[in-house]
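Visitor: This is the content of run.cif (mmCIF, C-alpha atoms and all ligand atoms):
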```cif
data_structure
loop_
_atom_site.label_atom_id
_atom_site.label_comp_id
_atom_site.auth_asym_id
_atom_site.auth_seq_id
_atom_site.Cartn_x
_atom_site.Cartn_y
_atom_site.Cartn_z
CA MET A 1 -44.59 -43.09 -1.90
CA LYS A 2 -44.10 -46.58 -3.36
CA THR A 3 -46.29 -49.49 -2.32
CA LEU A 4 -45.09 -53.07 -1.93
CA VAL A 5 -47.05 -54.13 -5.01
CA GLU A 6 -45.56 -51.34 -7.14
CA PHE A 7 -42.07 -52.21 -5.89
CA ILE A 8 -42.48 -55.94 -6.58
CA ASN A 9 -43.82 -55.26 -10.08
CA GLU A 10 -41.01 -52.79 -10.77
CA ARG A 11 -38.38 -55.35 -9.69
CA GLN A 12 -40.00 -58.24 -11.55
CA ALA A 13 -37.77 -57.44 -14.51
CA ASP A 14 -34.76 -58.32 -12.30
CA PHE A 15 -35.58 -62.01 -12.51
CA PRO A 16 -35.60 -63.78 -15.86
CA TYR A 17 -37.55 -66.71 -14.47
CA ALA A 18 -39.87 -64.69 -12.26
CA THR A 19 -43.19 -64.62 -13.98
CA GLY A 20 -46.22 -62.92 -12.48
CA GLU A 21 -46.56 -65.97 -10.20
CA PHE A 22 -43.60 -64.92 -8.06
CA THR A 23 -45.02 -61.41 -7.78
CA ARG A 24 -48.42 -62.82 -6.77
CA LEU A 25 -46.76 -65.08 -4.20
CA LEU A 26 -44.91 -62.22 -2.50
CA ASN A 27 -48.12 -60.21 -2.52
CA ASP A 28 -50.06 -63.09 -0.93
CA ILE A 29 -47.51 -63.14 1.92
CA GLY A 30 -48.15 -59.42 2.38
CA ILE A 31 -51.89 -60.02 2.57
CA ALA A 32 -51.57 -62.87 5.08
CA SER A 33 -49.31 -60.73 7.28
CA LYS A 34 -51.90 -57.92 7.29
CA ILE A 35 -54.54 -60.37 8.50
CA VAL A 36 -52.23 -61.63 11.25
CA ASN A 37 -51.29 -58.05 12.13
CA ARG A 38 -54.95 -57.11 12.57
CA GLU A 39 -55.46 -59.95 15.07
CA ILE A 40 -52.25 -59.17 16.95
CA ASN A 41 -53.23 -55.52 17.27
CA LYS A 42 -56.56 -56.38 18.88
CA ALA A 43 -55.36 -59.51 20.71
CA GLY A 44 -55.69 -57.78 24.07
CA LEU A 45 -59.31 -56.92 23.32
CA VAL A 46 -60.68 -60.28 22.29
CA ASP A 47 -60.26 -63.69 23.79
CA ILE A 48 -57.34 -64.65 21.56
CA LEU A 49 -54.52 -64.40 24.08
CA GLY A 50 -53.42 -67.37 26.04
CA TYR A 51 -52.94 -70.98 24.99
CA GLU A 52 -54.88 -72.89 22.36
CA GLY A 53 -54.58 -75.98 24.49
CA SER A 54 -52.58 -77.85 21.82
CA THR A 55 -48.84 -78.36 21.47
CA ASN A 56 -46.80 -78.31 18.24
CA ILE A 57 -44.10 -80.72 17.09
CA GLN A 58 -41.56 -78.66 19.01
CA GLY A 59 -43.41 -79.70 22.15
CA GLU A 60 -44.21 -76.02 22.67
CA ARG A 61 -47.71 -75.16 23.94
CA GLN A 62 -49.31 -73.27 21.05
CA LYS A 63 -50.64 -69.79 21.65
CA LYS A 64 -53.97 -69.05 19.98
CA LEU A 65 -52.27 -66.48 17.74
CA ASP A 66 -49.71 -69.12 16.71
CA VAL A 67 -52.54 -71.29 15.43
CA PHE A 68 -54.34 -68.32 13.86
CA ALA A 69 -51.19 -67.15 12.05
CA ASN A 70 -50.38 -70.68 10.88
CA GLU A 71 -53.89 -71.21 9.48
CA HIS A 72 -53.95 -67.87 7.66
CA PHE A 73 -50.56 -68.18 6.03
CA ILE A 74 -51.44 -71.71 4.90
CA LYS A 75 -54.80 -70.52 3.51
CA ALA A 76 -53.40 -67.40 1.80
CA LEU A 77 -50.60 -69.33 0.12
CA GLN A 78 -52.89 -72.13 -1.03
CA HIS A 79 -55.36 -69.62 -2.44
CA GLY A 80 -52.80 -68.05 -4.77
CA GLY A 81 -51.92 -71.33 -6.51
CA GLN A 82 -48.20 -70.49 -6.90
CA VAL A 83 -47.17 -72.66 -3.93
CA ALA A 84 -47.10 -76.45 -4.17
CA ALA A 85 -46.35 -77.08 -0.48
CA ILE A 86 -45.48 -75.45 2.82
CA ALA A 87 -43.30 -76.57 5.71
CA SER A 88 -44.39 -74.77 8.86
CA GLU A 89 -42.73 -74.75 12.27
CA GLU A 90 -46.22 -75.34 13.67
CA GLU A 91 -46.88 -78.48 11.58
CA ASP A 92 -45.41 -81.95 12.12
CA GLY A 93 -45.07 -82.64 8.40
CA MET A 94 -45.30 -80.81 5.06
CA ILE A 95 -48.61 -79.27 4.02
CA ILE A 96 -48.82 -80.49 0.43
CA TYR A 97 -51.46 -78.70 -1.65
CA ASP A 98 -52.58 -81.70 -3.65
CA ASN A 99 -54.98 -80.09 -6.12
CA PRO A 100 -54.60 -79.58 -9.92
CA THR A 101 -53.74 -75.85 -9.63
CA SER A 102 -51.22 -76.13 -6.77
CA ARG A 103 -49.54 -79.19 -8.29
CA LYS A 104 -48.45 -76.80 -11.04
CA GLY A 105 -47.07 -74.36 -8.44
CA LYS A 106 -43.35 -73.65 -8.96
CA TYR A 107 -42.54 -72.73 -5.35
CA VAL A 108 -42.47 -74.21 -1.87
CA ILE A 109 -42.25 -72.24 1.36
CA ALA A 110 -40.70 -72.78 4.79
CA ILE A 111 -42.40 -70.59 7.36
CA ASP A 112 -42.42 -69.77 11.05
CA PRO A 113 -45.87 -68.18 11.18
CA LEU A 114 -45.35 -66.46 14.52
CA ASP A 115 -41.89 -66.49 16.06
CA GLY A 116 -41.34 -65.29 19.60
CA SER A 117 -44.94 -66.03 20.55
CA SER A 118 -44.06 -66.25 24.25
CA ASN A 119 -43.95 -62.45 24.01
CA ILE A 120 -47.55 -62.10 22.77
CA ASP A 121 -49.20 -61.69 26.18
CA VAL A 122 -46.65 -59.11 27.30
CA ASN A 123 -46.97 -56.97 24.18
CA VAL A 124 -43.37 -57.38 23.01
CA SER A 125 -42.60 -57.41 19.26
CA ILE A 126 -43.00 -60.75 17.49
CA GLY A 127 -42.59 -61.79 13.87
CA SER A 128 -43.40 -64.08 10.96
CA ILE A 129 -40.44 -65.52 9.03
CA PHE A 130 -40.59 -67.01 5.53
CA SER A 131 -38.32 -68.42 2.86
CA ILE A 132 -39.23 -69.39 -0.70
CA TYR A 133 -37.60 -72.14 -2.77
CA ARG A 134 -38.21 -73.20 -6.36
CA ARG A 135 -39.39 -76.79 -6.13
CA ILE A 136 -37.09 -79.52 -7.48
CA SER A 137 -39.84 -82.16 -7.90
CA ASP A 138 -41.69 -82.35 -11.22
CA ILE A 139 -44.22 -79.61 -11.82
CA GLY A 140 -47.65 -81.19 -12.15
CA GLU A 141 -46.83 -83.75 -9.45
CA PRO A 142 -47.49 -83.24 -5.72
CA ALA A 143 -44.49 -81.59 -4.03
CA ASN A 144 -42.49 -83.53 -1.45
CA LYS A 145 -40.09 -83.06 1.46
CA LYS A 146 -37.03 -82.83 -0.80
CA ASP A 147 -38.43 -79.56 -2.18
CA VAL A 148 -37.81 -77.82 1.16
CA LEU A 149 -34.85 -79.88 2.36
CA GLN A 150 -32.63 -77.74 0.15
CA PRO A 151 -29.68 -75.76 1.55
CA GLY A 152 -30.36 -72.11 2.30
CA ASN A 153 -28.13 -71.10 -0.64
CA LYS A 154 -31.02 -72.22 -2.88
CA ILE A 155 -33.51 -69.77 -1.37
CA VAL A 156 -35.02 -67.44 -4.01
CA ALA A 157 -36.64 -65.05 -1.53
CA ALA A 158 -36.78 -64.66 2.25
CA GLY A 159 -38.15 -62.15 4.68
CA TYR A 160 -39.93 -61.39 7.89
CA VAL A 161 -42.79 -59.33 9.18
CA ILE A 162 -42.15 -57.63 12.51
CA TYR A 163 -45.28 -56.77 14.49
CA GLY A 164 -43.82 -54.01 16.64
CA SER A 165 -44.39 -50.32 17.32
CA SER A 166 -45.08 -50.34 13.60
CA THR A 167 -45.58 -53.37 11.37
CA MET A 168 -42.85 -53.87 8.79
CA LEU A 169 -42.25 -56.36 6.00
CA VAL A 170 -38.52 -56.79 5.26
CA TYR A 171 -37.52 -59.09 2.41
CA THR A 172 -34.90 -59.95 -0.17
CA THR A 173 -34.97 -61.75 -3.50
CA GLY A 174 -31.19 -61.88 -3.68
CA LYS A 175 -30.81 -58.30 -4.90
CA GLY A 176 -30.49 -56.48 -1.59
CA VAL A 177 -32.89 -55.98 1.32
CA ASN A 178 -35.85 -53.61 1.37
CA GLY A 179 -38.22 -52.67 4.20
CA PHE A 180 -41.87 -51.69 3.94
CA THR A 181 -43.92 -50.12 6.73
CA LEU A 182 -47.65 -50.84 6.96
CA ASP A 183 -49.74 -47.66 6.81
CA PRO A 184 -52.81 -48.78 8.78
CA SER A 185 -54.85 -45.84 7.49
CA ILE A 186 -54.72 -47.24 3.93
CA GLY A 187 -53.82 -50.89 4.70
CA LEU A 188 -50.79 -50.82 2.39
CA PHE A 189 -47.10 -51.60 2.92
CA ILE A 190 -45.09 -48.53 1.86
CA LEU A 191 -41.36 -48.59 0.97
CA SER A 192 -39.76 -46.96 4.02
CA HIS A 193 -36.29 -48.56 4.20
CA PRO A 194 -34.84 -48.96 0.68
CA ASP A 195 -31.62 -50.97 0.27
CA MET A 196 -31.05 -51.81 3.96
CA ARG A 197 -27.40 -52.38 4.90
CA MET A 198 -26.19 -54.01 8.11
CA PRO A 199 -23.20 -52.02 9.51
CA ASP A 200 -19.94 -54.03 9.48
CA ASP A 201 -19.54 -53.24 13.20
CA GLY A 202 -21.88 -52.62 16.07
CA LYS A 203 -21.97 -52.11 19.81
CA ILE A 204 -24.72 -54.53 20.78
CA TYR A 205 -24.46 -58.22 21.55
CA SER A 206 -27.64 -60.22 21.95
CA ILE A 207 -27.56 -63.60 23.74
CA ASN A 208 -29.44 -65.28 26.59
CA GLU A 209 -26.73 -65.17 29.26
CA ALA A 210 -28.89 -67.23 31.62
CA ASN A 211 -27.44 -70.21 29.70
CA TYR A 212 -23.85 -69.03 30.32
CA ILE A 213 -22.69 -72.11 32.21
CA TYR A 214 -23.79 -74.32 29.28
CA PHE A 215 -22.09 -72.24 26.58
CA PRO A 216 -19.02 -73.50 24.68
CA GLU A 217 -15.77 -71.92 25.94
CA GLY A 218 -15.50 -69.90 22.73
CA VAL A 219 -18.83 -68.17 23.41
CA LYS A 220 -17.88 -67.48 27.03
CA LYS A 221 -14.61 -65.90 25.84
CA TYR A 222 -16.44 -63.81 23.25
CA ILE A 223 -18.89 -62.50 25.87
CA LYS A 224 -15.93 -61.47 28.05
CA TYR A 225 -14.39 -59.78 24.97
CA CYS A 226 -17.63 -57.76 24.55
CA GLN A 227 -17.40 -56.66 28.21
CA VAL A 228 -13.79 -55.39 28.15
CA ASP A 229 -13.47 -51.63 28.76
CA ASP A 230 -11.66 -50.42 25.64
CA LYS A 231 -12.95 -47.14 24.27
CA ALA A 232 -10.82 -47.48 21.12
CA THR A 233 -12.99 -50.41 20.05
CA ASN A 234 -16.26 -49.04 21.48
CA ARG A 235 -16.26 -51.62 24.28
CA PRO A 236 -17.85 -52.57 26.57
CA TYR A 237 -20.73 -53.24 24.16
CA LYS A 238 -24.34 -53.01 25.29
CA THR A 239 -26.32 -56.19 25.78
CA ARG A 240 -29.89 -56.29 24.45
CA TYR A 241 -31.91 -59.51 24.38
CA ILE A 242 -35.63 -59.29 23.54
CA GLY A 243 -36.32 -63.02 23.33
CA SER A 244 -37.75 -62.53 19.86
CA LEU A 245 -35.33 -63.35 17.02
CA VAL A 246 -37.06 -61.08 14.50
CA ALA A 247 -36.96 -58.09 16.88
CA ASP A 248 -33.31 -58.66 17.89
CA PHE A 249 -32.30 -59.20 14.26
CA HIS A 250 -34.22 -56.15 13.01
CA ARG A 251 -32.52 -53.88 15.56
CA ASN A 252 -29.09 -55.24 14.60
CA LEU A 253 -29.87 -54.84 10.90
CA ILE A 254 -30.41 -51.12 11.48
CA THR A 255 -27.89 -50.29 14.24
CA GLY A 256 -25.32 -53.07 13.82
CA GLY A 257 -24.84 -55.85 16.35
CA ILE A 258 -24.61 -59.61 16.80
CA TYR A 259 -27.21 -62.16 17.89
CA ILE A 260 -26.01 -65.54 19.10
CA TYR A 261 -28.04 -68.63 19.93
CA PRO A 262 -25.18 -71.15 20.25
CA GLY A 263 -25.14 -74.87 20.75
CA THR A 264 -24.82 -75.66 24.45
CA THR A 265 -23.77 -78.69 26.47
CA LYS A 266 -27.52 -79.27 27.00
CA GLN A 267 -28.58 -78.71 23.37
CA PRO A 268 -25.49 -79.04 21.14
CA MET A 269 -27.46 -77.98 18.05
CA GLY A 270 -28.92 -74.94 19.84
CA LYS A 271 -32.63 -74.07 19.87
CA LEU A 272 -33.37 -72.34 16.56
CA ARG A 273 -34.74 -74.21 13.56
CA LEU A 274 -32.54 -74.25 10.45
CA LEU A 275 -35.35 -74.15 7.88
CA TYR A 276 -37.71 -71.64 9.49
CA GLU A 277 -35.42 -69.30 11.44
CA CYS A 278 -31.70 -69.66 10.65
CA ASN A 279 -31.80 -69.91 6.85
CA PRO A 280 -34.17 -67.02 6.05
CA MET A 281 -32.44 -64.70 8.53
CA ALA A 282 -29.03 -65.77 7.21
CA PHE A 283 -30.06 -64.96 3.62
CA LEU A 284 -31.27 -61.52 4.73
CA ALA A 285 -28.11 -60.88 6.78
CA GLU A 286 -25.81 -61.74 3.87
CA GLN A 287 -27.88 -59.71 1.40
CA ALA A 288 -27.52 -56.70 3.74
CA GLY A 289 -23.72 -57.18 4.01
CA GLY A 290 -23.78 -59.11 7.30
CA LYS A 291 -22.80 -62.70 8.10
CA ALA A 292 -24.46 -65.83 9.50
CA THR A 293 -22.68 -69.02 10.59
CA ASP A 294 -23.11 -71.87 13.05
CA GLY A 295 -19.95 -70.64 14.76
CA PHE A 296 -17.75 -72.27 12.14
CA PHE A 297 -19.45 -72.54 8.76
CA ARG A 298 -21.94 -70.60 6.65
CA ILE A 299 -25.54 -71.34 7.66
CA LEU A 300 -26.72 -71.24 4.03
CA ASP A 301 -24.39 -74.13 3.10
CA ILE A 302 -25.80 -76.61 5.65
CA ASP A 303 -27.49 -79.55 3.93
CA PRO A 304 -30.77 -80.11 5.83
CA TYR A 305 -31.70 -83.68 6.77
CA ASP A 306 -34.89 -82.98 8.71
CA LEU A 307 -37.70 -80.39 8.51
CA HIS A 308 -37.27 -79.44 12.17
CA GLN A 309 -33.55 -79.76 12.69
CA ARG A 310 -31.84 -77.11 14.76
CA ALA A 311 -28.64 -75.17 14.15
CA PRO A 312 -26.50 -72.86 16.29
CA LEU A 313 -26.75 -69.28 15.00
CA PHE A 314 -24.16 -66.48 15.06
CA ILE A 315 -25.68 -63.68 12.94
CA GLY A 316 -25.21 -59.96 12.43
CA SER A 317 -22.49 -57.42 11.64
CA LYS A 318 -19.75 -59.11 9.65
CA ASN A 319 -16.78 -58.06 11.82
CA MET A 320 -18.61 -59.05 15.04
CA VAL A 321 -19.52 -62.51 13.72
CA GLU A 322 -15.93 -63.03 12.55
CA LYS A 323 -14.56 -62.06 15.98
CA ALA A 324 -16.94 -64.56 17.63
CA GLU A 325 -15.83 -67.22 15.12
CA GLU A 326 -12.19 -66.56 16.05
CA TYR A 327 -12.98 -67.45 19.66
CA MET A 328 -14.98 -70.52 18.60
CA LEU A 329 -12.09 -71.75 16.48
CA GLU A 330 -9.52 -71.11 19.22
CA TYR A 331 -11.48 -72.52 22.17
CA SER A 332 -14.29 -74.73 20.85
CA LYS A 333 -13.38 -76.11 17.47
CA ASN A 334 -14.38 -79.61 18.50
CA PHE A 335 -17.64 -78.43 20.03
CA CYS A 336 -20.29 -80.75 18.67
CA GLU A 337 -18.15 -81.11 15.58
CA LEU A 338 -20.34 -78.91 13.45
CA SER A 339 -17.26 -78.17 11.36
CA SER A 340 -18.71 -79.78 8.23
CA PRO A 341 -22.11 -78.45 7.10
CA SER A 342 -23.22 -81.84 5.76
CA LYS A 343 -21.86 -83.85 8.69
CA SER A 344 -23.93 -83.96 11.84
CA CYS A 345 -22.34 -84.95 15.10
CA LYS A 346 -23.53 -88.34 16.43
CA ASP A 347 -24.10 -86.90 19.89
CA CYS A 348 -26.13 -84.06 18.45
CA GLU A 349 -28.33 -86.49 16.56
CA GLU A 350 -28.78 -88.53 19.73
CA ASN A 351 -29.66 -85.34 21.60
CA GLU A 352 -31.97 -84.30 18.77
CA LYS A 353 -33.82 -87.64 19.03
CA LYS A 354 -34.08 -87.30 22.82
CA ASP A 355 -35.26 -83.71 22.35
CA LYS A 356 -38.11 -84.92 20.09
CA GLN A 357 -39.36 -87.57 22.55
P1 LIG A 401 -34.74 -68.32 24.85
C1 LIG A 401 -38.52 -67.62 20.34
O1 LIG A 401 -39.02 -68.79 20.96
C2 LIG A 401 -37.17 -67.97 19.74
O2 LIG A 401 -37.32 -68.98 18.79
C3 LIG A 401 -36.51 -66.73 19.14
O3 LIG A 401 -37.42 -65.86 18.57
C4 LIG A 401 -35.81 -66.13 20.35
O4 LIG A 401 -34.68 -65.35 20.00
C5 LIG A 401 -35.39 -67.36 21.15
O5 LIG A 401 -36.30 -68.41 20.78
C6 LIG A 401 -35.51 -67.13 22.63
O6 LIG A 401 -35.10 -68.33 23.27
O7 LIG A 401 -34.25 -69.72 25.11
O8 LIG A 401 -33.66 -67.29 25.06
O9 LIG A 401 -36.03 -67.95 25.56
#
```
Just give me the structure of the file as structure tokens.
Guide:
Amino acid sequence: MKTLVEFINERQADFPYATGEFTRLLNDIGIASKIVNREINKAGLVDILGYEGSTNIQGERQKKLDVFANEHFIKALQHGGQVAAIASEEEDGMIIYDNPTSRKGKYVIAIDPLDGSSNIDVNVSIGSIFSIYRRISDIGEPANKKDVLQPGNKIVAAGYVIYGSSTMLVYTTGKGVNGFTLDPSIGLFILSHPDMRMPDDGKIYSINEANYIYFPEGVKKYIKYCQVDDKATNRPYKTRYIGSLVADFHRNLITGGIYIYPGTTKQPMGKLRLLYECNPMAFLAEQAGGKATDGFFRILDIDPYDLHQRAPLFIGSKNMVEKAEEYMLEYSKNFCELSSPSKSCKDCEENEKKDKQ
């Protein structure tokens, strides 16, 4: 039995620059997730379900647990002193820890404190998603937006906590993916899924087909490909869509599969946030042998221009993502012109602005 702390300490030697601070930071995330987990597990028993009455920058009505999770991750990460700033999906701007200790922090974090929160009241798995960057601003100075507006290929660690039938922390520091299951009887995360690998192929496709009429032609063609009866290629695939990215991703990581949240004619940049959802999940997918693109190009190579920008996401088993990309290239290569990671399509930006109003 190996605990998360033992595992992190053991692996510390893997990183020349990782001092004890990095270890403490990962451990603080584990602590914050245990606090959130405790509230989620008793949410039905105390008055913490339902809406907080506020809305976040996404214009989404915040669930009480959203606010609780956001507050506790922010507090836990400030307390440790290793983090100079946080960008949270629940906050309009950066949370900059402007105190003498945190100004010396080497890291900044992008976090979605509770993703899939519309599932809270119906007891469906939800998750917290995080990614850690080394800051690029001067240590000793307050951090700034540029510290998190780095491409995903600069992430030093990323992971998620899935609050499901069991609570698991799954993370990578660029040397593979490892999963830890919380043992509630001792309150510790125990290594349960060492060196997780995403199968190159799978038989599950995960997409919200209610948006079918708004999908690019390439996505429509790929869905029809998944539905063809061809036993030699294990088709028709099964469709599974939980409405919680962490839960859909976690299943595909273990069984193989693809999750797609594409750009649509209504929202050309899709729904998911690049910094808080796409990048961390893309880093995990690649570290487990999978793939993550916007339908054309690698998610981790997109140069962010805004904390809350969106990106289409095709993520999962390598061969399945590549098949979907073939259809996108053949039928939708001009869709929203996301062909260059640093170029954003004028229409998309216009839509993005409209979306924010
Ligand atoms: P839709 C949850 O809000 C989320 O960000 C992901 O966790 C989930 O996969 C997706 O949005 C669900 O979106 O539009 O299908 O309800």
Visitor: Measure the distance from atom CA of A:Val161 to atom CA of A:Ile111 in Å and round it to one decimal.
Guide: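 Computing the Euclidean distance for atom CA of A:Val161 and atom CA of A:Ile111 yields 11.4 Å.
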Visitor: Could you give me the axis-aligned bounding box of ligand LIG 401 (chain A), with 8 Å of padding per side, as centre plus edge lengths in Å to one decimal, as AutoDock Vina command-line options?
Guide:
```
--center_x -36.3 --center_y -67.5 --center_z 22.1 --size_x 21.4 --size_y 20.4 --size_z 23.0
```
Visitor: Set the cut-off to 7 Å, count all atoms listed in the file, and list whatever residues fall near ligand LIG 401 (chain A) as number ranges by chain.
Guide: A: 115-118, 208, 243-246, 271-272
Visitor: Need to verify the contact set: A:Lys203, 8 Å, all atoms listed in the file, exclusion of same-chain residues closer than 4 positions in sequence. Can you return it as a short mmCIF file (atom, residue, chain, number, x, y, z; two decimals) with C-alpha atoms, keeping the file's coordinate frame?
Guide:
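The resulting around_12.cif:
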```cif
data_model
loop_
_atom_site.label_atom_id
_atom_site.label_comp_id
_atom_site.auth_asym_id
_atom_site.auth_seq_id
_atom_site.Cartn_x
_atom_site.Cartn_y
_atom_site.Cartn_z
CA ASN A 234 -16.26 -49.04 21.48
CA ARG A 235 -16.26 -51.62 24.28
CA PRO A 236 -17.85 -52.57 26.57
CA TYR A 237 -20.73 -53.24 24.16
CA LYS A 238 -24.34 -53.01 25.29
CA GLY A 256 -25.32 -53.07 13.82
CA GLY A 257 -24.84 -55.85 16.35
#
```
Visitor: Nearest residue to A:Tyr259 out of A:Ile8, A:Asp230, A:Tyr276, A:Ala292, using all atoms listed in the file?
Guide: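 Of A:Ile8, A:Asp230, A:Tyr276, A:Ala292, the one nearest A:Tyr259 is A:Ala292, counting all atoms listed in the file.
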Visitor: Counting only C-alpha atoms, which residue out of A:Lys34, A:Arg24, A:Thr101, A:Leu274 sits closest to A:Glu89?
Guide: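 Closest candidate: A:Leu274.
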Visitor: Do a neighbour search on A:Cys278 at 8 Å with all atoms listed in the file, toss out local chain neighbours closer than 6 positions, and write the hits as a count of residues only.
Guide: 4
Visitor: Mind listing as a list in words all residues within 8 Å of (-47.1, -51.6, 6.5), counting all atoms listed in the file?
Guide: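 Output: Lys34, Ser166, Thr167, Met168, Leu169, Phe180, Thr181, Leu182, Asp183, Pro184, Gly187, Leu188, Phe189 and Ile190 of chain A.
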Visitor: Using all atoms listed in the file, which residue out of A:Ile258, A:Ile95, A:Ala288, A:Val228 lies closest to A:Glu325?
Guide: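 Among A:Ile258, A:Ile95, A:Ala288, A:Val228, it is A:Ile258 that comes nearest to A:Glu325.
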Visitor: Name all residues at most 8 Å from stretch 152-159 of chain A (count only C-alpha atoms; drop same-chain ones fewer than 5 positions away) and give them as a compact mmCIF listing (two decimals) with C-alpha atoms, in the frame of the given file.
Guide:
```txt
# COMPACT_ATOMS: atom_id res chain seq x y z
CA ILE A 129 -40.44 -65.52 9.03
CA PHE A 130 -40.59 -67.01 5.53
CA SER A 131 -38.32 -68.42 2.86
CA ILE A 132 -39.23 -69.39 -0.70
CA TYR A 133 -37.60 -72.14 -2.77
CA ARG A 134 -38.21 -73.20 -6.36
CA LEU A 169 -42.25 -56.36 6.00
CA VAL A 170 -38.52 -56.79 5.26
CA TYR A 171 -37.52 -59.09 2.41
CA THR A 172 -34.90 -59.95 -0.17
CA THR A 173 -34.97 -61.75 -3.50
CA GLY A 174 -31.19 -61.88 -3.68
CA LEU A 275 -35.35 -74.15 7.88
CA ASN A 279 -31.80 -69.91 6.85
CA PRO A 280 -34.17 -67.02 6.05
CA MET A 281 -32.44 -64.70 8.53
CA PHE A 283 -30.06 -64.96 3.62
CA LEU A 284 -31.27 -61.52 4.73
CA ILE A 299 -25.54 -71.34 7.66
CA LEU A 300 -26.72 -71.24 4.03
CA ASP A 301 -24.39 -74.13 3.10
CA ILE A 302 -25.80 -76.61 5.65
```
Visitor: Within 8 Å of A:His72, counting all atoms listed in the file, which residues qualify if same-chain residues fewer than 4 places away don't, as a VMD selection string?
Guide: chain A and resid 32 35 to 36 68 76
Visitor: For those residues, write C-alpha atoms to a file as a PDB file, in the coordinates of the input.
Guide:
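This is the output file part_35.pdb:
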```pdb
ATOM      1  CA  ALA A  32     -51.570 -62.870   5.080  1.00  0.00           C
ATOM      2  CA  ILE A  35     -54.540 -60.370   8.500  1.00  0.00           C
ATOM      3  CA  VAL A  36     -52.230 -61.630  11.250  1.00  0.00           C
ATOM      4  CA  PHE A  68     -54.340 -68.320  13.860  1.00  0.00           C
ATOM      5  CA  ALA A  76     -53.400 -67.400   1.800  1.00  0.00           C
TER       6      ALA A  76
END
```
Visitor: Hey, can you check how far atom CA of A:Ile315 sits from atom CA of A:Thr255?
Guide: 13.6 Å
Visitor: Please indicate the distance in Å from atom CA of A:Arg310 to atom CA of A:Thr264, rounded to one decimal place.
Guide: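 Atom-to-atom, atom CA of A:Arg310 to atom CA of A:Thr264, that is 12.1 Å.
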Visitor: Skip A:Lys146 itself and residues of its chain fewer than 5 positions away, then list as a list in words all residues within 10 Å of it, counting all atoms listed in the file.
Guide: Arg135, Ile136, Ser137, Pro304, Tyr305, Asp306 and Leu307 of chain A
Visitor: Could you take the residues named above and write them with C-alpha atoms, as a short mmCIF file (atom, residue, chain, number, x, y, z; two decimals), keeping the file's coordinate frame?
Guide:
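Once everything was written out, this is out-v4.cif:
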```cif
data_model
loop_
_atom_site.label_atom_id
_atom_site.label_comp_id
_atom_site.auth_asym_id
_atom_site.auth_seq_id
_atom_site.Cartn_x
_atom_site.Cartn_y
_atom_site.Cartn_z
CA ARG A 135 -39.39 -76.79 -6.13
CA ILE A 136 -37.09 -79.52 -7.48
CA SER A 137 -39.84 -82.16 -7.90
CA PRO A 304 -30.77 -80.11 5.83
CA TYR A 305 -31.70 -83.68 6.77
CA ASP A 306 -34.89 -82.98 8.71
CA LEU A 307 -37.70 -80.39 8.51
#
```
